[in-house]
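**Q** The structure's right below; bear with me while I get my questions together.
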Amino acid sequence: TLVSITNGNGCTRTTGFQKASARITVNQLPVCGITGPDGPVCPSSATSYSAPAGMSSYSWSVSGYGTISGSTTGQTVTVDAGATNNSSFTLSVTITNSNGCSSTCEKQVTVNDATNPVAVCQDVTVQLDASGYGALDAGAVNNGSTDNCGIHSFSLSQTSFSYNDIDEDWMVPVTLTVTDNSNNTSTCNANVTIEPPASALDCDDITVQLDENGT
């Protein structure tokens, strides 16, 4: 209902109006939502998130153990998770549609890696040198070990070998330990076959002369 009218000369009237009506359009607020994983995401990983398409503007922000990489005003955004395990960050976005109406929403994301690596081993062979010693790198025993957040290191229970390590089968059992970027570990076992120095394998033909007794 109109209660007063003021003209260009500053004159105001509050009574005696003829009946009139006006239609006011109320625009709905845009529906806000963030698409992307709630976690857990890997520490130090980069993850993409998106807001509804077709908005006039976007404004992203993040708090906690995460930082936005790149633009904060597009429909999508990339968040770099912090290196701290068992933490979280909160991602927020404000969207504005063509009518100038705005909505804000947020998503909390867990940052954690509690998954052990998958350790896969293979048997290998080590040939001793002329001094009777041999060495083995842990990577040679690895046969495609994997981890959901990345492998940090491999270690082997034994890396140097000699004649003293050999059993009747000329084999030495070893254990490979796989450690991921969050210090989760897994192990697998392999056999190392020991071969003598190459020089010990060289043979020469010889002639043996029998005596009068045939021996």
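Residues are named by chain letter and number: chains run A, B, ... in the order of the structure tokens, numbers start at 1 in each chain, and ligands are numbered from 1 in the order shown.
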Go through chain A and collect every residue that DSSP, computed from the backbone, puts in strand (DSSP E); the answer should be as a ChimeraX atom specification.
**A** /A:5-6,12-13,46-50,57-64,66-69,76-81,87-96,102-111,124-127,133-135,151-156,160-162,171-180,185-195
**Q** Gly66 in chain A: which residues within 12 Å, counting only C-alpha atoms, same-chain residues fewer than 4 positions away excluded, as a PyMOL selection string?
**A** chain A and resi 41-47+61-62+78-85+87-92+108-111
**Q** Dump C-alpha atoms for the selected residues as an mmCIF file, in the first residue's frame?
**A**
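Dumped everything to again-v4.cif:
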```cif
data_model
loop_
_atom_site.group_PDB
_atom_site.id
_atom_site.type_symbol
_atom_site.label_atom_id
_atom_site.label_comp_id
_atom_site.auth_asym_id
_atom_site.auth_seq_id
_atom_site.Cartn_x
_atom_site.Cartn_y
_atom_site.Cartn_z
ATOM 1 C CA VAL A 41 41.631 -36.621 0.763
ATOM 2 C CA CYS A 42 45.360 -37.256 0.848
ATOM 3 C CA PRO A 43 47.645 -34.830 2.700
ATOM 4 C CA SER A 44 49.428 -32.448 0.281
ATOM 5 C CA SER A 45 47.020 -33.407 -2.523
ATOM 6 C CA ALA A 46 45.166 -31.098 -4.942
ATOM 7 C CA THR A 47 41.388 -31.554 -5.309
ATOM 8 C CA SER A 61 37.337 -19.027 0.432
ATOM 9 C CA VAL A 62 38.882 -21.745 2.587
ATOM 10 C CA THR A 78 41.389 -26.209 -6.727
ATOM 11 C CA VAL A 79 42.247 -26.729 -3.056
ATOM 12 C CA ASP A 80 45.694 -27.900 -1.930
ATOM 13 C CA ALA A 81 45.287 -29.915 1.264
ATOM 14 C CA GLY A 82 47.776 -29.338 4.060
ATOM 15 C CA ALA A 83 50.496 -31.832 4.902
ATOM 16 C CA THR A 84 49.066 -32.583 8.357
ATOM 17 C CA ASN A 85 47.431 -35.993 8.637
ATOM 18 C CA SER A 87 43.066 -32.726 9.861
ATOM 19 C CA SER A 88 40.401 -30.886 7.832
ATOM 20 C CA PHE A 89 39.537 -27.730 5.923
ATOM 21 C CA THR A 90 36.267 -25.878 5.281
ATOM 22 C CA LEU A 91 35.566 -24.632 1.760
ATOM 23 C CA SER A 92 32.981 -21.851 1.248
ATOM 24 C CA GLN A 108 33.987 -29.568 5.344
ATOM 25 C CA VAL A 109 36.649 -31.906 3.977
ATOM 26 C CA THR A 110 38.685 -34.424 5.985
ATOM 27 C CA VAL A 111 42.427 -34.692 5.280
#
```
**Q** Would you mind listing what lies within 7 Å of Ser59 in chain A as a CSV table (one decimal) with N, CA and C atoms, in the first residue's frame, with only C-alpha atoms counted and same-chain residues fewer than 2 positions away left out?
**A**
```
chain,number,residue,atom,x,y,z
A,57,SER,N,28.5,-14.5,-10.7
A,57,SER,CA,29.7,-14.3,-10.0
A,57,SER,C,29.9,-15.4,-8.9
A,61,SER,N,36.4,-19.2,-0.7
A,61,SER,CA,37.3,-19.0,0.4
A,61,SER,C,37.5,-20.4,1.1
A,72,THR,N,39.9,-17.6,-7.4
A,72,THR,CA,38.9,-17.8,-6.4
A,72,THR,C,37.5,-17.2,-6.9
A,73,THR,N,37.4,-16.9,-8.2
A,73,THR,CA,36.2,-16.3,-8.7
A,73,THR,C,35.6,-17.0,-9.9
A,93,VAL,N,31.7,-21.0,-0.6
A,93,VAL,CA,31.5,-20.2,-1.8
A,93,VAL,C,30.2,-19.4,-1.7
A,94,THR,N,30.3,-18.2,-2.3
A,94,THR,CA,29.1,-17.3,-2.4
A,94,THR,C,28.8,-17.2,-3.9
A,95,ILE,N,27.6,-17.5,-4.3
A,95,ILE,CA,27.2,-17.4,-5.7
A,95,ILE,C,26.2,-16.3,-5.8
```
**Q** Considering only C-alpha atoms, return as a PyMOL selection string whatever protein or nucleic-acid residues lie within 12 Å of Ser102 in chain A, sequence-local ones (same chain, fewer than 4 positions apart) excluded.
**A** chain A and resi 27-32+55-59+93-98
**Q** Store the residues picked out above, limited to N, CA and C atoms, as a PDB file, in the first residue's frame.
**A**
```pdb
ATOM      1  N   ASN A  27      12.351 -12.470  -6.529  1.00  0.00           N
ATOM      2  CA  ASN A  27      13.190 -13.497  -7.132  1.00  0.00           C
ATOM      3  C   ASN A  27      13.711 -14.450  -6.067  1.00  0.00           C
ATOM      4  N   GLN A  28      13.717 -15.734  -6.406  1.00  0.00           N
ATOM      5  CA  GLN A  28      14.236 -16.729  -5.476  1.00  0.00           C
ATOM      6  C   GLN A  28      15.761 -16.647  -5.384  1.00  0.00           C
ATOM      7  N   LEU A  29      16.269 -17.012  -4.215  1.00  0.00           N
ATOM      8  CA  LEU A  29      17.717 -17.081  -4.050  1.00  0.00           C
ATOM      9  C   LEU A  29      18.255 -18.268  -4.842  1.00  0.00           C
ATOM     10  N   PRO A  30      19.446 -18.165  -5.409  1.00  0.00           N
ATOM     11  CA  PRO A  30      20.025 -19.312  -6.115  1.00  0.00           C
ATOM     12  C   PRO A  30      20.319 -20.451  -5.142  1.00  0.00           C
ATOM     13  N   VAL A  31      20.174 -21.670  -5.623  1.00  0.00           N
ATOM     14  CA  VAL A  31      20.454 -22.847  -4.799  1.00  0.00           C
ATOM     15  C   VAL A  31      21.949 -23.114  -4.816  1.00  0.00           C
ATOM     16  N   CYS A  32      22.566 -23.038  -3.661  1.00  0.00           N
ATOM     17  CA  CYS A  32      24.016 -23.172  -3.562  1.00  0.00           C
ATOM     18  C   CYS A  32      24.386 -24.601  -3.184  1.00  0.00           C
ATOM     19  N   MET A  55      26.009 -18.910 -12.911  1.00  0.00           N
ATOM     20  CA  MET A  55      25.910 -17.759 -12.014  1.00  0.00           C
ATOM     21  C   MET A  55      26.671 -16.557 -12.589  1.00  0.00           C
ATOM     22  N   SER A  56      26.316 -15.375 -12.129  1.00  0.00           N
ATOM     23  CA  SER A  56      27.002 -14.161 -12.589  1.00  0.00           C
ATOM     24  C   SER A  56      28.358 -14.000 -11.919  1.00  0.00           C
ATOM     25  N   SER A  57      28.463 -14.469 -10.686  1.00  0.00           N
ATOM     26  CA  SER A  57      29.740 -14.338 -10.003  1.00  0.00           C
ATOM     27  C   SER A  57      29.888 -15.426  -8.948  1.00  0.00           C
ATOM     28  N   TYR A  58      31.159 -15.706  -8.613  1.00  0.00           N
ATOM     29  CA  TYR A  58      31.515 -16.697  -7.606  1.00  0.00           C
ATOM     30  C   TYR A  58      32.599 -16.104  -6.719  1.00  0.00           C
ATOM     31  N   SER A  59      32.550 -16.441  -5.443  1.00  0.00           N
ATOM     32  CA  SER A  59      33.591 -15.998  -4.524  1.00  0.00           C
ATOM     33  C   SER A  59      33.888 -17.134  -3.548  1.00  0.00           C
ATOM     34  N   VAL A  93      31.685 -20.954  -0.608  1.00  0.00           N
ATOM     35  CA  VAL A  93      31.488 -20.217  -1.843  1.00  0.00           C
ATOM     36  C   VAL A  93      30.221 -19.379  -1.731  1.00  0.00           C
ATOM     37  N   THR A  94      30.286 -18.164  -2.269  1.00  0.00           N
ATOM     38  CA  THR A  94      29.110 -17.304  -2.405  1.00  0.00           C
ATOM     39  C   THR A  94      28.811 -17.151  -3.882  1.00  0.00           C
ATOM     40  N   ILE A  95      27.589 -17.492  -4.282  1.00  0.00           N
ATOM     41  CA  ILE A  95      27.198 -17.386  -5.686  1.00  0.00           C
ATOM     42  C   ILE A  95      26.154 -16.282  -5.836  1.00  0.00           C
ATOM     43  N   THR A  96      26.215 -15.564  -6.961  1.00  0.00           N
ATOM     44  CA  THR A  96      25.255 -14.493  -7.249  1.00  0.00           C
ATOM     45  C   THR A  96      24.698 -14.707  -8.644  1.00  0.00           C
ATOM     46  N   ASN A  97      23.341 -14.688  -8.776  1.00  0.00           N
ATOM     47  CA  ASN A  97      22.743 -14.911 -10.083  1.00  0.00           C
ATOM     48  C   ASN A  97      22.521 -13.594 -10.832  1.00  0.00           C
ATOM     49  N   SER A  98      21.886 -13.690 -11.998  1.00  0.00           N
ATOM     50  CA  SER A  98      21.703 -12.509 -12.848  1.00  0.00           C
ATOM     51  C   SER A  98      20.754 -11.483 -12.246  1.00  0.00           C
TER      52      SER A  98
END
```
**Q** One decimal, Å: what's the distance from CA of Ala51 in chain A over to CA of Gly100 in chain A, could you say?
**A** 16.7 Å
**Q** Running DSSP on the backbone, which parts of chain A land in alpha helix (DSSP H), as a PyMOL selection string?
**A** chain A and resi 138-141
**Q** Generate the output file for the selected residues, all heavy atoms, as a PDB file, in the first residue's frame.
**A**
```
ATOM      1  N   ALA A 138      66.958 -51.951  -2.636  1.00  0.00           N
ATOM      2  CA  ALA A 138      65.575 -52.314  -2.318  1.00  0.00           C
ATOM      3  C   ALA A 138      64.664 -52.195  -3.527  1.00  0.00           C
ATOM      4  O   ALA A 138      63.708 -52.969  -3.677  1.00  0.00           O
ATOM      5  CB  ALA A 138      65.062 -51.431  -1.184  1.00  0.00           C
ATOM      6  N   GLY A 139      64.954 -51.244  -4.410  1.00  0.00           N
ATOM      7  CA  GLY A 139      64.121 -51.060  -5.579  1.00  0.00           C
ATOM      8  C   GLY A 139      64.114 -52.255  -6.509  1.00  0.00           C
ATOM      9  O   GLY A 139      63.164 -52.454  -7.265  1.00  0.00           O
ATOM     10  N   ALA A 140      65.187 -53.075  -6.464  1.00  0.00           N
ATOM     11  CA  ALA A 140      65.241 -54.248  -7.331  1.00  0.00           C
ATOM     12  C   ALA A 140      64.248 -55.314  -6.893  1.00  0.00           C
ATOM     13  O   ALA A 140      63.755 -56.094  -7.715  1.00  0.00           O
ATOM     14  CB  ALA A 140      66.649 -54.812  -7.335  1.00  0.00           C
ATOM     15  N   VAL A 141      63.925 -55.351  -5.604  1.00  0.00           N
ATOM     16  CA  VAL A 141      62.973 -56.331  -5.083  1.00  0.00           C
ATOM     17  C   VAL A 141      61.531 -55.849  -5.290  1.00  0.00           C
ATOM     18  O   VAL A 141      60.617 -56.647  -5.414  1.00  0.00           O
ATOM     19  CB  VAL A 141      63.255 -56.604  -3.592  1.00  0.00           C
ATOM     20  CG1 VAL A 141      62.240 -57.582  -3.003  1.00  0.00           C
ATOM     21  CG2 VAL A 141      64.670 -57.152  -3.418  1.00  0.00           C
TER      22      VAL A 141
END
```
**Q** Could you name the residues that touch Ala119 in chain A at 8 Å or less, counting only C-alpha atoms, but leaving out those on the same chain fewer than 5 positions away, as a PyMOL selection string?
**A** chain A and resi 142+144-146+176-178+186-188
**Q** Just the selected residues (C-alpha atoms), exported as a PDB file, in the first residue's frame, please.
**A**
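part34.pdb was written with the following content:
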```pdb
ATOM      1  CA  ASN A 142      59.998 -54.005  -5.547  1.00  0.00           C
ATOM      2  CA  GLY A 144      55.046 -52.520  -8.582  1.00  0.00           C
ATOM      3  CA  SER A 145      54.073 -51.660  -5.001  1.00  0.00           C
ATOM      4  CA  THR A 146      51.348 -48.986  -4.815  1.00  0.00           C
ATOM      5  CA  LEU A 176      60.836 -55.405   1.693  1.00  0.00           C
ATOM      6  CA  THR A 177      59.199 -52.612   3.732  1.00  0.00           C
ATOM      7  CA  VAL A 178      57.175 -50.007   1.836  1.00  0.00           C
ATOM      8  CA  SER A 186      53.454 -52.701   4.495  1.00  0.00           C
ATOM      9  CA  THR A 187      55.839 -55.599   3.863  1.00  0.00           C
ATOM     10  CA  CYS A 188      56.379 -58.522   1.509  1.00  0.00           C
TER      11      CYS A 188
END
```
